[in-house]
>>> print(open('work-v2.cif').read())   # mmCIF, C-alpha atoms and all ligand atoms
data_upload
#
loop_
_atom_site.label_atom_id
_atom_site.label_comp_id
_atom_site.auth_asym_id
_atom_site.auth_seq_id
_atom_site.Cartn_x
_atom_site.Cartn_y
_atom_site.Cartn_z
CA VAL A 21 -67.24 0.95 -55.56
CA SER A 22 -67.84 4.04 -57.66
CA THR A 23 -66.78 7.42 -56.31
CA GLU A 24 -69.78 9.21 -57.80
CA GLY A 25 -72.17 10.66 -55.28
CA HIS A 26 -69.39 11.11 -52.75
CA LEU A 27 -67.91 14.22 -54.33
CA THR A 28 -69.51 16.76 -52.08
CA GLU A 29 -69.28 15.30 -48.59
CA LEU A 30 -65.87 13.60 -48.71
CA ARG A 31 -63.18 15.51 -46.75
CA VAL A 32 -59.54 14.88 -45.83
CA ASP A 33 -58.50 14.39 -42.21
CA GLY A 34 -57.08 17.89 -41.62
CA ALA A 35 -55.64 16.99 -38.21
CA ARG A 36 -53.73 14.03 -39.68
CA LEU A 37 -52.38 16.15 -42.53
CA CYS A 38 -51.20 18.91 -40.19
CA ARG A 39 -49.70 16.40 -37.75
CA ARG A 40 -47.65 14.87 -40.55
CA LEU A 41 -46.58 18.28 -41.85
CA GLY A 42 -45.43 19.05 -38.31
CA GLN A 43 -43.54 15.77 -37.99
CA LEU A 44 -41.86 16.16 -41.37
CA GLY A 45 -41.09 19.77 -40.44
CA GLN A 46 -38.94 18.45 -37.57
CA VAL A 47 -36.69 16.59 -40.00
CA GLY A 48 -33.76 18.84 -40.77
CA ALA A 49 -35.01 21.53 -38.39
CA LEU A 50 -32.42 24.21 -37.62
CA PRO A 51 -31.81 25.38 -34.03
CA ASP A 52 -32.84 28.97 -34.82
CA GLY A 53 -35.95 28.07 -36.82
CA GLY A 54 -36.58 26.96 -40.36
CA LEU A 55 -35.19 23.78 -41.81
CA ALA A 56 -32.50 22.51 -44.12
CA ARG A 57 -33.18 19.39 -46.15
CA LEU A 58 -30.91 20.05 -49.09
CA ALA A 59 -31.24 17.47 -51.84
CA LEU A 60 -29.65 14.07 -51.16
CA THR A 61 -28.24 14.97 -47.74
CA ASP A 62 -28.81 12.91 -44.58
CA ALA A 63 -31.73 15.19 -43.71
CA ASP A 64 -33.28 14.62 -47.14
CA ARG A 65 -32.88 10.87 -46.61
CA ALA A 66 -34.57 11.09 -43.20
CA GLY A 67 -37.49 13.05 -44.69
CA ARG A 68 -37.82 10.60 -47.56
CA ASP A 69 -37.69 7.60 -45.18
CA ARG A 70 -40.47 9.09 -43.09
CA VAL A 71 -42.74 9.71 -46.10
CA VAL A 72 -42.00 6.32 -47.67
CA GLU A 73 -42.97 4.69 -44.38
CA TRP A 74 -46.34 6.48 -44.51
CA MET A 75 -46.75 5.38 -48.13
CA ARG A 76 -46.01 1.75 -47.21
CA ASP A 77 -48.39 1.95 -44.23
CA LEU A 78 -51.08 2.62 -46.84
CA GLU A 79 -49.90 -0.44 -48.77
CA LEU A 80 -49.24 1.67 -51.85
CA ASP A 81 -46.95 0.39 -54.58
CA VAL A 82 -43.79 2.48 -53.89
CA GLN A 83 -41.19 2.83 -56.63
CA VAL A 84 -37.95 4.80 -56.87
CA ASP A 85 -36.50 5.72 -60.26
CA GLY A 86 -32.92 6.34 -61.36
CA ILE A 87 -32.85 9.98 -60.23
CA GLY A 88 -34.44 9.18 -56.85
CA ASN A 89 -37.99 10.29 -57.62
CA ILE A 90 -40.41 8.44 -55.34
CA LEU A 91 -43.74 7.30 -56.76
CA ALA A 92 -46.54 5.73 -54.71
CA VAL A 93 -49.48 4.37 -56.66
CA LEU A 94 -53.02 3.64 -55.51
CA PRO A 95 -54.48 1.10 -57.96
CA GLY A 96 -57.65 2.03 -59.85
CA ARG A 97 -60.60 -0.03 -61.00
CA GLU A 98 -59.35 -0.03 -64.58
CA PRO A 99 -55.83 -0.30 -66.05
CA LEU A 100 -55.83 3.27 -67.38
CA ALA A 101 -53.15 5.97 -67.25
CA PRO A 102 -52.89 7.24 -63.66
CA VAL A 103 -53.78 10.68 -62.42
CA MET A 104 -50.68 12.11 -60.79
CA THR A 105 -50.03 14.59 -58.02
CA GLY A 106 -47.01 15.46 -55.91
CA SER A 107 -44.23 17.96 -55.30
CA HIS A 108 -40.84 17.82 -53.58
CA LEU A 109 -39.36 17.08 -50.14
CA ASP A 110 -36.06 18.96 -50.47
CA THR A 111 -35.78 22.51 -49.11
CA VAL A 112 -33.42 25.47 -49.34
CA ASP A 113 -31.06 26.12 -46.41
CA GLY A 114 -33.39 27.87 -43.97
CA GLY A 115 -36.66 27.07 -45.71
CA GLY A 116 -40.16 26.46 -44.38
CA ALA A 117 -42.12 23.31 -43.58
CA TYR A 118 -44.75 23.60 -46.34
CA ASP A 119 -42.81 24.46 -49.52
CA GLY A 120 -42.99 21.17 -51.41
CA SER A 121 -43.92 18.99 -48.42
CA LEU A 122 -47.53 20.17 -48.58
CA GLY A 123 -47.95 18.88 -52.13
CA VAL A 124 -46.55 15.45 -51.30
CA LEU A 125 -48.37 14.99 -48.00
CA ALA A 126 -51.70 16.38 -49.30
CA GLY A 127 -51.50 13.89 -52.16
CA LEU A 128 -50.91 11.13 -49.64
CA GLU A 129 -53.77 12.46 -47.52
CA ALA A 130 -56.13 12.40 -50.53
CA VAL A 131 -55.24 8.76 -51.17
CA GLU A 132 -55.64 7.84 -47.50
CA THR A 133 -59.05 9.57 -47.44
CA LEU A 134 -60.20 7.45 -50.39
CA ARG A 135 -58.86 4.30 -48.71
CA ALA A 136 -60.63 5.12 -45.46
CA ALA A 137 -63.90 5.69 -47.33
CA GLY A 138 -63.53 2.37 -49.16
CA LEU A 139 -63.45 4.12 -52.54
CA THR A 140 -61.47 2.90 -55.53
CA PRO A 141 -61.24 5.44 -58.36
CA ARG A 142 -61.47 4.34 -61.97
CA ARG A 143 -57.89 5.43 -62.71
CA PRO A 144 -54.89 4.78 -60.46
CA ILE A 145 -53.70 7.80 -58.46
CA ALA A 146 -49.94 8.33 -58.20
CA VAL A 147 -48.28 10.50 -55.55
CA ALA A 148 -44.81 11.68 -56.47
CA SER A 149 -41.89 13.25 -54.64
CA PHE A 150 -39.46 14.71 -57.16
CA THR A 151 -35.73 14.89 -56.44
CA ASN A 152 -33.88 18.21 -56.08
CA GLU A 153 -36.59 20.72 -56.94
CA GLU A 154 -34.76 23.58 -55.24
CA GLY A 155 -31.46 23.22 -57.04
CA VAL A 156 -29.48 24.64 -54.12
CA ARG A 157 -26.92 21.86 -53.90
CA PHE A 158 -27.03 20.51 -57.46
CA GLY A 159 -28.07 22.20 -60.71
CA PRO A 160 -30.40 22.41 -62.45
CA ASP A 161 -33.37 22.97 -60.18
CA MET A 162 -36.48 20.83 -60.80
CA MET A 163 -34.01 18.09 -61.73
CA GLY A 164 -36.16 15.07 -60.83
CA SER A 165 -39.29 16.23 -62.62
CA LEU A 166 -37.26 17.33 -65.64
CA VAL A 167 -35.67 13.87 -65.92
CA PHE A 168 -39.07 12.24 -65.37
CA ALA A 169 -40.53 14.30 -68.23
CA GLY A 170 -37.65 13.41 -70.54
CA GLY A 171 -36.24 16.94 -70.65
CA LEU A 172 -32.85 15.94 -69.20
CA ALA A 173 -31.00 12.67 -69.74
CA LEU A 174 -30.67 10.55 -66.60
CA GLY A 175 -26.93 10.03 -67.17
CA GLU A 176 -26.32 13.74 -67.50
CA ALA A 177 -28.33 14.59 -64.38
CA ARG A 178 -26.44 12.00 -62.33
CA GLN A 179 -23.14 13.59 -63.30
CA ALA A 180 -24.06 16.97 -61.82
CA ARG A 181 -21.77 17.83 -58.90
CA ASP A 182 -22.15 19.94 -55.77
CA ALA A 183 -19.61 22.55 -54.62
CA LYS A 184 -17.54 19.80 -52.94
CA GLY A 185 -17.40 17.72 -56.10
CA VAL A 186 -19.87 15.05 -54.96
CA SER A 187 -21.96 13.75 -57.88
CA VAL A 188 -25.71 13.24 -57.84
CA ASP A 189 -24.99 9.61 -58.66
CA ASP A 190 -22.84 9.09 -55.55
CA ALA A 191 -25.16 11.11 -53.31
CA LEU A 192 -28.17 9.04 -54.46
CA SER A 193 -26.33 5.79 -53.73
CA ARG A 194 -25.14 7.04 -50.35
CA ILE A 195 -28.66 7.81 -49.12
CA GLY A 196 -30.13 4.65 -50.67
CA TYR A 197 -32.36 6.31 -53.26
CA ARG A 198 -30.64 5.37 -56.50
CA GLY A 199 -33.62 3.36 -57.64
CA ASP A 200 -34.07 1.15 -60.69
CA ALA A 201 -37.73 1.69 -61.54
CA ASP A 202 -38.03 2.53 -65.24
CA LEU A 203 -40.71 5.19 -65.40
CA ALA A 204 -39.98 6.31 -68.96
CA SER A 205 -43.26 4.79 -70.14
CA PHE A 206 -45.20 6.25 -67.22
CA VAL A 207 -47.30 8.95 -68.86
CA PRO A 208 -49.98 10.36 -66.54
CA HIS A 209 -53.53 11.17 -67.62
CA ALA A 210 -53.10 14.53 -65.86
CA PHE A 211 -50.92 16.16 -63.16
CA VAL A 212 -52.04 18.56 -60.42
CA GLU A 213 -49.63 19.99 -57.82
CA LEU A 214 -50.70 21.70 -54.60
CA HIS A 215 -48.14 24.26 -53.40
CA VAL A 216 -47.92 27.30 -51.14
CA GLU A 217 -48.00 30.48 -53.22
CA GLN A 218 -44.66 31.89 -51.99
CA GLY A 219 -45.92 35.35 -52.93
CA PRO A 220 -48.39 37.97 -51.66
CA VAL A 221 -51.19 37.81 -54.27
CA LEU A 222 -53.72 35.57 -52.50
CA GLU A 223 -53.31 37.19 -49.09
CA ALA A 224 -53.71 40.67 -50.58
CA ALA A 225 -56.82 39.59 -52.50
CA GLY A 226 -58.28 37.84 -49.44
CA LYS A 227 -58.59 34.57 -51.37
CA THR A 228 -58.07 31.00 -50.15
CA VAL A 229 -57.11 29.33 -53.42
CA GLY A 230 -55.14 30.19 -56.52
CA ALA A 231 -56.06 28.42 -59.76
CA VAL A 232 -52.69 28.67 -61.45
CA THR A 233 -52.80 29.54 -65.14
CA GLY A 234 -49.11 29.25 -65.91
CA VAL A 235 -45.46 29.78 -65.08
CA PRO A 236 -43.54 32.83 -66.32
CA GLY A 237 -40.63 32.70 -68.69
CA ILE A 238 -37.27 32.90 -66.90
CA SER A 239 -34.02 34.37 -68.19
CA TRP A 240 -30.85 34.19 -66.10
CA THR A 241 -27.68 35.87 -67.35
CA ARG A 242 -24.18 36.06 -65.88
CA ILE A 243 -22.27 39.16 -66.88
CA GLU A 244 -18.53 39.39 -66.31
CA LEU A 245 -17.08 42.87 -66.76
CA THR A 246 -13.32 43.33 -66.92
CA GLY A 247 -11.50 46.64 -66.45
CA GLU A 248 -8.19 47.68 -65.02
CA ALA A 249 -7.22 47.46 -61.35
CA ASN A 250 -5.57 50.65 -60.26
CA HIS A 251 -4.95 53.04 -57.38
CA ALA A 252 -8.10 54.71 -56.02
CA GLY A 253 -6.26 57.93 -55.24
CA THR A 254 -3.88 58.49 -58.14
CA THR A 255 -6.01 57.41 -61.10
CA PRO A 256 -7.88 60.36 -62.66
CA MET A 257 -11.60 59.72 -63.16
CA ALA A 258 -11.32 60.10 -66.93
CA ALA A 259 -8.58 57.44 -67.10
CA ARG A 260 -10.50 54.76 -65.26
CA ARG A 261 -11.86 51.52 -66.64
CA ASP A 262 -14.08 50.66 -63.70
CA PRO A 263 -16.28 47.53 -63.91
CA ALA A 264 -17.86 48.31 -60.51
CA TYR A 265 -19.26 51.54 -61.93
CA ALA A 266 -20.79 49.63 -64.86
CA ALA A 267 -22.18 46.96 -62.52
CA GLY A 268 -23.84 49.65 -60.40
CA GLU A 269 -25.37 51.21 -63.50
CA LEU A 270 -26.70 47.81 -64.53
CA ILE A 271 -28.32 47.18 -61.14
CA THR A 272 -30.16 50.48 -61.42
CA PHE A 273 -31.04 49.80 -65.05
CA VAL A 274 -32.66 46.43 -64.27
CA ARG A 275 -34.87 48.05 -61.62
CA ARG A 276 -35.93 50.83 -64.00
CA LEU A 277 -36.43 48.41 -66.87
CA ALA A 278 -38.99 46.41 -64.88
CA GLY A 279 -40.72 49.64 -63.93
CA ARG A 280 -40.77 50.86 -67.53
CA LEU A 281 -42.09 47.60 -69.01
CA GLY A 282 -44.64 47.18 -66.23
CA GLY A 283 -47.15 44.33 -66.46
CA GLY A 284 -45.69 41.13 -65.12
CA GLN A 285 -42.05 42.06 -65.69
CA VAL A 286 -39.72 41.55 -62.74
CA GLY A 287 -35.95 41.96 -62.72
CA THR A 288 -33.31 41.19 -60.10
CA VAL A 289 -29.55 41.46 -59.73
CA GLY A 290 -29.14 38.84 -57.01
CA SER A 291 -25.38 38.39 -56.96
CA LEU A 292 -22.43 40.68 -57.42
CA ALA A 293 -18.74 39.97 -56.90
CA LEU A 294 -15.93 42.50 -57.22
CA ARG A 295 -12.27 41.57 -57.49
CA PRO A 296 -10.07 42.22 -55.63
CA ASN A 297 -12.80 43.85 -53.48
CA GLN A 298 -10.61 46.25 -51.54
CA VAL A 299 -11.36 49.71 -50.25
CA ASN A 300 -8.63 51.57 -52.12
CA VAL A 301 -8.50 49.62 -55.39
CA ILE A 302 -10.51 50.25 -58.54
CA PRO A 303 -11.73 46.71 -59.20
CA GLU A 304 -10.30 44.62 -61.98
CA SER A 305 -13.53 42.72 -62.51
CA ALA A 306 -17.20 42.62 -61.58
CA VAL A 307 -19.39 39.55 -62.01
CA LEU A 308 -23.14 39.94 -61.63
CA THR A 309 -26.24 37.93 -62.45
CA VAL A 310 -29.53 39.21 -63.85
CA ASP A 311 -32.83 37.35 -63.34
CA LEU A 312 -35.62 38.50 -65.67
CA ARG A 313 -39.14 36.98 -65.61
CA ASN A 314 -42.32 37.65 -67.51
CA GLY A 315 -45.45 35.64 -68.27
CA ASN A 316 -45.46 37.15 -71.75
CA GLY A 317 -42.78 35.75 -74.07
CA ALA A 318 -42.57 38.83 -76.33
CA GLU A 319 -42.19 41.16 -73.34
CA LEU A 320 -39.46 38.96 -71.88
CA ARG A 321 -37.55 39.09 -75.15
CA GLU A 322 -37.94 42.88 -75.16
CA ALA A 323 -36.46 43.03 -71.64
CA GLU A 324 -33.55 40.82 -72.70
CA ARG A 325 -32.91 42.97 -75.77
CA ALA A 326 -32.93 46.19 -73.71
CA LEU A 327 -30.54 44.67 -71.17
CA ALA A 328 -28.12 43.50 -73.85
CA GLU A 329 -28.17 46.93 -75.49
CA HIS A 330 -27.45 48.67 -72.20
CA VAL A 331 -24.58 46.31 -71.36
CA GLU A 332 -23.08 47.02 -74.76
CA SER A 333 -23.23 50.80 -74.35
CA LEU A 334 -21.76 50.68 -70.82
CA VAL A 335 -18.92 48.44 -71.98
CA ARG A 336 -18.13 50.86 -74.81
CA GLU A 337 -18.34 53.93 -72.58
CA GLU A 338 -16.08 52.49 -69.87
CA ARG A 339 -13.79 50.56 -72.28
CA LEU A 340 -14.41 47.25 -70.53
CA GLY A 341 -14.08 43.63 -71.51
CA CYS A 342 -17.33 41.73 -71.24
CA GLU A 343 -18.46 38.11 -71.25
CA VAL A 344 -22.17 37.33 -71.14
CA THR A 345 -23.25 33.77 -70.29
CA ARG A 346 -26.84 32.58 -70.45
CA LEU A 347 -27.50 30.43 -67.37
CA VAL A 348 -31.20 29.62 -67.70
CA ARG A 349 -33.75 30.35 -70.43
CA LEU A 350 -37.29 29.03 -70.14
CA GLU A 351 -40.22 30.18 -72.25
CA PRO A 352 -43.43 31.09 -70.39
CA LEU A 353 -45.68 28.09 -69.92
CA ALA A 354 -49.48 28.11 -69.95
CA PHE A 355 -51.10 25.31 -67.95
CA ASP A 356 -53.88 23.24 -69.51
CA PRO A 357 -57.00 25.50 -69.67
CA ARG A 358 -59.36 22.58 -69.06
CA LEU A 359 -57.55 21.66 -65.84
CA VAL A 360 -57.38 25.29 -64.70
CA ASP A 361 -61.15 25.52 -65.21
CA LEU A 362 -61.66 22.25 -63.34
CA VAL A 363 -59.71 23.59 -60.36
CA ALA A 364 -61.64 26.91 -60.38
CA ARG A 365 -65.02 25.16 -60.74
CA THR A 366 -64.31 22.61 -58.02
CA SER A 367 -63.00 25.30 -55.72
CA ALA A 368 -66.20 27.30 -56.19
CA ALA A 369 -68.27 24.18 -55.49
CA LEU A 370 -66.38 23.76 -52.20
CA GLY A 371 -67.15 27.40 -51.34
CA LEU A 372 -63.50 28.53 -51.48
CA PRO A 373 -62.75 32.10 -52.63
CA THR A 374 -60.57 31.62 -55.70
CA GLU A 375 -58.23 33.75 -57.80
CA ARG A 376 -56.89 32.84 -61.22
CA MET A 377 -53.22 33.74 -61.18
CA SER A 378 -49.82 33.11 -62.69
CA SER A 379 -47.02 31.56 -60.66
CA GLY A 380 -43.99 33.69 -59.88
CA ALA A 381 -41.71 30.72 -59.32
CA GLY A 382 -40.87 27.64 -61.34
CA HIS A 383 -42.35 24.35 -60.14
CA ASP A 384 -42.25 20.62 -60.89
CA ALA A 385 -45.68 20.96 -62.55
CA GLY A 386 -44.06 23.11 -65.23
CA MET A 387 -41.77 20.21 -66.10
CA ILE A 388 -44.50 17.54 -66.03
CA ALA A 389 -46.59 19.78 -68.33
CA ARG A 390 -44.21 18.61 -71.09
CA ILE A 391 -45.79 15.15 -71.09
CA CYS A 392 -49.41 15.57 -69.93
CA PRO A 393 -52.07 18.19 -69.11
CA ALA A 394 -51.00 19.84 -65.86
CA THR A 395 -51.88 22.63 -63.48
CA MET A 396 -51.36 23.78 -59.89
CA ILE A 397 -53.34 24.83 -56.84
CA PHE A 398 -51.92 27.60 -54.63
CA VAL A 399 -52.79 28.39 -51.02
CA PRO A 400 -51.75 31.69 -49.37
CA SER A 401 -48.33 32.41 -47.88
CA ARG A 402 -48.47 34.76 -44.90
CA GLY A 403 -46.83 38.05 -45.82
CA GLY A 404 -45.88 36.53 -49.17
CA ILE A 405 -42.72 35.21 -47.49
CA SER A 406 -40.96 32.14 -48.80
CA HIS A 407 -37.59 30.39 -48.67
CA SER A 408 -37.35 31.69 -45.11
CA PRO A 409 -37.92 30.33 -41.60
CA ALA A 410 -40.80 32.85 -41.43
CA GLU A 411 -42.65 30.99 -44.20
CA HIS A 412 -46.16 30.20 -42.96
CA THR A 413 -49.57 29.11 -44.22
CA GLU A 414 -52.65 29.07 -42.00
CA ARG A 415 -53.92 25.64 -41.03
CA GLU A 416 -57.37 26.22 -42.55
CA HIS A 417 -55.74 27.11 -45.87
CA LEU A 418 -53.57 23.97 -45.81
CA VAL A 419 -56.64 21.83 -45.23
CA ALA A 420 -58.76 23.70 -47.81
CA GLY A 421 -56.04 23.15 -50.41
CA ALA A 422 -55.90 19.44 -49.60
CA ASN A 423 -59.68 19.09 -49.90
CA LEU A 424 -59.64 20.84 -53.25
CA LEU A 425 -56.79 18.62 -54.42
CA LEU A 426 -58.76 15.54 -53.31
CA HIS A 427 -61.82 16.49 -55.34
CA VAL A 428 -59.89 17.57 -58.41
CA LEU A 429 -57.97 14.26 -58.37
CA LEU A 430 -61.19 12.31 -57.88
CA GLN A 431 -62.89 13.90 -60.87
CA LEU A 432 -59.83 13.37 -63.08
CA ALA A 433 -59.56 9.78 -61.88
CA GLU A 434 -63.15 9.08 -62.96
CA GLU A 435 -62.57 10.34 -66.51
CA SER A 436 -62.67 7.72 -69.25
ZN ZN B 501 -41.45 24.28 -53.79
#
>>> encode(input="work-v2.cif", output="structure tokens", more="lines below")
Ligand SMILES: [Zn+2]
Amino acid sequence: VSTEGHLTELRVDGARLCRRLGQLGQVGALPDGGLARLALTDADRAGRDRVVEWMRDLELDVQVDGIGNILAVLPGREPLAPVMTGSHLDTVDGGGAYDGSLGVLAGLEAVETLRAAGLTPRRPIAVASFTNEEGVRFGPDMMGSLVFAGGLALGEARQARDAKGVSVDDALSRIGYRGDADLASFVPHAFVELHVEQGPVLEAAGKTVGAVTGVPGISWTRIELTGEANHAGTTPMAARRDPAYAAGELITFVRRLAGRLGGGQVGTVGSLALRPNQVNVIPESAVLTVDLRNGNGAELREAERALAEHVESLVREERLGCEVTRLVRLEPLAFDPRLVDLVARTSAALGLPTERMSSGAGHDAGMIARICPATMIFVPSRGGISHSPAEHTEREHLVAGANLLLHVLLQLAEES
């Protein structure tokens, strides 16, 4: 049966979607609110088991690859490259019920809606759950989608270890998700991920949907400053080599730098450690991290250059030792303009107020964009809050996002 002619009236079962989001949100729930389904833990396994059961109930072809990515495929009328959707089931410690889960369950809901309507799209539709998107327990983040897209060797990813020394390989085996499906030749026709915005843009603009144009470039740096530990009372100010002073200057500098560059530049010092960290001791060392992001590659490089220059002058002034380590460096990524237009057009046809916007965070879609045209759909986050038990998206926005995803997938799945 062709799907044409059904594009306007077909809708997902919003109650079923929200019920499943609620049920999945109980898995790994913390007593004081929020949930913890860190990658490859027992809670992650329980969440995966639940979702796989729903996939099997739909008689989808469920496969698990070597890094634990789960892929459920609805066959199409023709043996063409599948249209793919999906997100992740892992969370941070104290995360919300929709970050990641929405994208997986809305994909499943779209497929179930087609099944219930007796529709078979031309192309297969694949729903994916990617392993370890958050990167809290194992690095790097977006591990599963990066391996899937060929950006990280499977063997290397499996060797990553958590703080207790447990490897990804062992953790996968322990929870029963060290699969053997070889998905290296699985190249989608297109990829679309539905996700909560995790920022305040849509709510502030009063819009229901974000048509996501791209992901900013990300630059993470670890700066270790070394001075001389000494007595806080007897050491004259002029004789000090104080790394804490330089660290404080850097924190202020990063804030001012973002203000000076303006545009989409953001900058954060998210961690700082002083040693020995005692009230009456000038510290011997300070270790801090700087997170710089910008959707414009040239502006990001300018921010990095200004930071490096300032570190150098502080180190000279305070006579410090300094070791700078680059932790993460990703160029800004523009999503496929044709897919972004398709999302915006379809959203308008469904009567949903839409904003074209850049993503503040990295996502699996940014990894899959390496191998096929990709984009994302955002729905609002209340108060712009994310990675917190207070994370919330209104029910009508969850359902609107799922309906938009359904119709975008349908159109892509009918393409020759
Ligand atoms: Zn997420």
>>> atom_distance(input="work-v2.cif", atom1="atom CA of Gly283 of chain A", atom2="atom CA of Leu327 of chain A")
17.3 Å
>>> closest_residue(input="work-v2.cif", among="A:Ala433, A:Val131, A:Ala225, A:Ala354", to="Leu30 of chain A", atoms="all atoms listed in the file")
A:Val131
>>> closest_residue(input="work-v2.cif", among="A:Gly120, A:Gly341, A:Gly226, A:Gly237", to="Gly317 of chain A", atoms="all atoms listed in the file")
A:Gly237
>>> atom_distance(input="work-v2.cif", atom1="atom CA of Gly290 of chain A", atom2="atom CA of Ser239 of chain A")
13.0 Å
>>> atom_distance(input="work-v2.cif", atom1="atom CA of Arg358 of chain A", atom2="atom CA of Phe211 of chain A")
12.1 Å
>>> closest_atom_pairs(input="work-v2.cif", of="chain A", to="ligand ZN 501 (chain B)", cutoff="10 Å", atoms="only C-alpha atoms and all ligand atoms", output="JSON lines")
{"residue": "A:Ser107", "atom": "CA", "partner": "B:ZN501", "partner_atom": "ZN", "distance": 7.1}
{"residue": "A:His108", "atom": "CA", "partner": "B:ZN501", "partner_atom": "ZN", "distance": 6.5}
{"residue": "A:Leu109", "atom": "CA", "partner": "B:ZN501", "partner_atom": "ZN", "distance": 8.3}
{"residue": "A:Asp110", "atom": "CA", "partner": "B:ZN501", "partner_atom": "ZN", "distance": 8.3}
{"residue": "A:Thr111", "atom": "CA", "partner": "B:ZN501", "partner_atom": "ZN", "distance": 7.6}
{"residue": "A:Val112", "atom": "CA", "partner": "B:ZN501", "partner_atom": "ZN", "distance": 9.3}
{"residue": "A:Gly115", "atom": "CA", "partner": "B:ZN501", "partner_atom": "ZN", "distance": 9.8}
{"residue": "A:Gly116", "atom": "CA", "partner": "B:ZN501", "partner_atom": "ZN", "distance": 9.7}
{"residue": "A:Tyr118", "atom": "CA", "partner": "B:ZN501", "partner_atom": "ZN", "distance": 8.2}
{"residue": "A:Asp119", "atom": "CA", "partner": "B:ZN501", "partner_atom": "ZN", "distance": 4.5}
{"residue": "A:Gly120", "atom": "CA", "partner": "B:ZN501", "partner_atom": "ZN", "distance": 4.2}
{"residue": "A:Ser121", "atom": "CA", "partner": "B:ZN501", "partner_atom": "ZN", "distance": 7.9}
{"residue": "A:Leu122", "atom": "CA", "partner": "B:ZN501", "partner_atom": "ZN", "distance": 9.0}
{"residue": "A:Gly123", "atom": "CA", "partner": "B:ZN501", "partner_atom": "ZN", "distance": 8.6}
{"residue": "A:Asn152", "atom": "CA", "partner": "B:ZN501", "partner_atom": "ZN", "distance": 10.0}
{"residue": "A:Glu153", "atom": "CA", "partner": "B:ZN501", "partner_atom": "ZN", "distance": 6.8}
{"residue": "A:Glu154", "atom": "CA", "partner": "B:ZN501", "partner_atom": "ZN", "distance": 6.9}
{"residue": "A:Met162", "atom": "CA", "partner": "B:ZN501", "partner_atom": "ZN", "distance": 9.3}
{"residue": "A:Leu214", "atom": "CA", "partner": "B:ZN501", "partner_atom": "ZN", "distance": 9.6}
{"residue": "A:His215", "atom": "CA", "partner": "B:ZN501", "partner_atom": "ZN", "distance": 6.7}
{"residue": "A:Val216", "atom": "CA", "partner": "B:ZN501", "partner_atom": "ZN", "distance": 7.6}
{"residue": "A:Glu217", "atom": "CA", "partner": "B:ZN501", "partner_atom": "ZN", "distance": 9.0}
{"residue": "A:Gln218", "atom": "CA", "partner": "B:ZN501", "partner_atom": "ZN", "distance": 8.5}
{"residue": "A:Ala381", "atom": "CA", "partner": "B:ZN501", "partner_atom": "ZN", "distance": 8.5}
{"residue": "A:Gly382", "atom": "CA", "partner": "B:ZN501", "partner_atom": "ZN", "distance": 8.3}
{"residue": "A:His383", "atom": "CA", "partner": "B:ZN501", "partner_atom": "ZN", "distance": 6.4}
{"residue": "A:Asp384", "atom": "CA", "partner": "B:ZN501", "partner_atom": "ZN", "distance": 8.0}
{"residue": "A:Ser406", "atom": "CA", "partner": "B:ZN501", "partner_atom": "ZN", "distance": 9.3}
{"residue": "A:His407", "atom": "CA", "partner": "B:ZN501", "partner_atom": "ZN", "distance": 8.9}
>>> closest_residue(input="work-v2.cif", among="A:Ala318, A:Leu50, A:Leu222, A:Ala369", to="Ile397 of chain A", atoms="all atoms listed in the file")
A:Leu222
>>> residues_around(input="work-v2.cif", residues="Arg349 of chain A", least_positions_apart="3", cutoff="12 Å", atoms="only C-alpha atoms", output="list in words")
Pro160, Pro236, Gly237, Ile238, Ser239, Trp240, Thr241, Val310, Asp311, Leu312, Arg313, Asn314, Gly317, Leu320, Arg321, Glu324, Thr345, Arg346, Pro352 and Gly382 of chain A
>>> residues_around(input="work-v2.cif", residues="segment 31-33 of chain A", least_positions_apart="4", cutoff="7 Å", atoms="all atoms listed in the file", output="mmCIF file with C-alpha atoms, in the frame of the given file")
data_model
loop_
_atom_site.group_PDB
_atom_site.id
_atom_site.type_symbol
_atom_site.label_atom_id
_atom_site.label_comp_id
_atom_site.auth_asym_id
_atom_site.auth_seq_id
_atom_site.Cartn_x
_atom_site.Cartn_y
_atom_site.Cartn_z
ATOM 1 C CA LEU A 37 -52.380 16.150 -42.530
ATOM 2 C CA GLU A 129 -53.770 12.460 -47.520
ATOM 3 C CA ALA A 130 -56.130 12.400 -50.530
ATOM 4 C CA THR A 133 -59.050 9.570 -47.440
ATOM 5 C CA ALA A 422 -55.900 19.440 -49.600
ATOM 6 C CA ASN A 423 -59.680 19.090 -49.900
#
>>> residues_around(input="work-v2.cif", residues="Thr272 of chain A", least_positions_apart="3", cutoff="12 Å", atoms="all atoms listed in the file", output="list of chain:residue names")
A:Tyr265, A:Ala266, A:Ala267, A:Gly268, A:Glu269, A:Arg275, A:Arg276, A:Leu277, A:Ala278, A:Gly279, A:Gly287, A:Thr288, A:Val289, A:Val310, A:Leu327, A:His330
>>> write_last_selection(input="work-v2.cif", atoms="C-alpha atoms", output="mmCIF file, in the coordinates of the input")
data_model
loop_
_atom_site.group_PDB
_atom_site.id
_atom_site.type_symbol
_atom_site.label_atom_id
_atom_site.label_comp_id
_atom_site.auth_asym_id
_atom_site.auth_seq_id
_atom_site.Cartn_x
_atom_site.Cartn_y
_atom_site.Cartn_z
ATOM 1 C CA TYR A 265 -19.260 51.540 -61.930
ATOM 2 C CA ALA A 266 -20.790 49.630 -64.860
ATOM 3 C CA ALA A 267 -22.180 46.960 -62.520
ATOM 4 C CA GLY A 268 -23.840 49.650 -60.400
ATOM 5 C CA GLU A 269 -25.370 51.210 -63.500
ATOM 6 C CA ARG A 275 -34.870 48.050 -61.620
ATOM 7 C CA ARG A 276 -35.930 50.830 -64.000
ATOM 8 C CA LEU A 277 -36.430 48.410 -66.870
ATOM 9 C CA ALA A 278 -38.990 46.410 -64.880
ATOM 10 C CA GLY A 279 -40.720 49.640 -63.930
ATOM 11 C CA GLY A 287 -35.950 41.960 -62.720
ATOM 12 C CA THR A 288 -33.310 41.190 -60.100
ATOM 13 C CA VAL A 289 -29.550 41.460 -59.730
ATOM 14 C CA VAL A 310 -29.530 39.210 -63.850
ATOM 15 C CA LEU A 327 -30.540 44.670 -71.170
ATOM 16 C CA HIS A 330 -27.450 48.670 -72.200
#
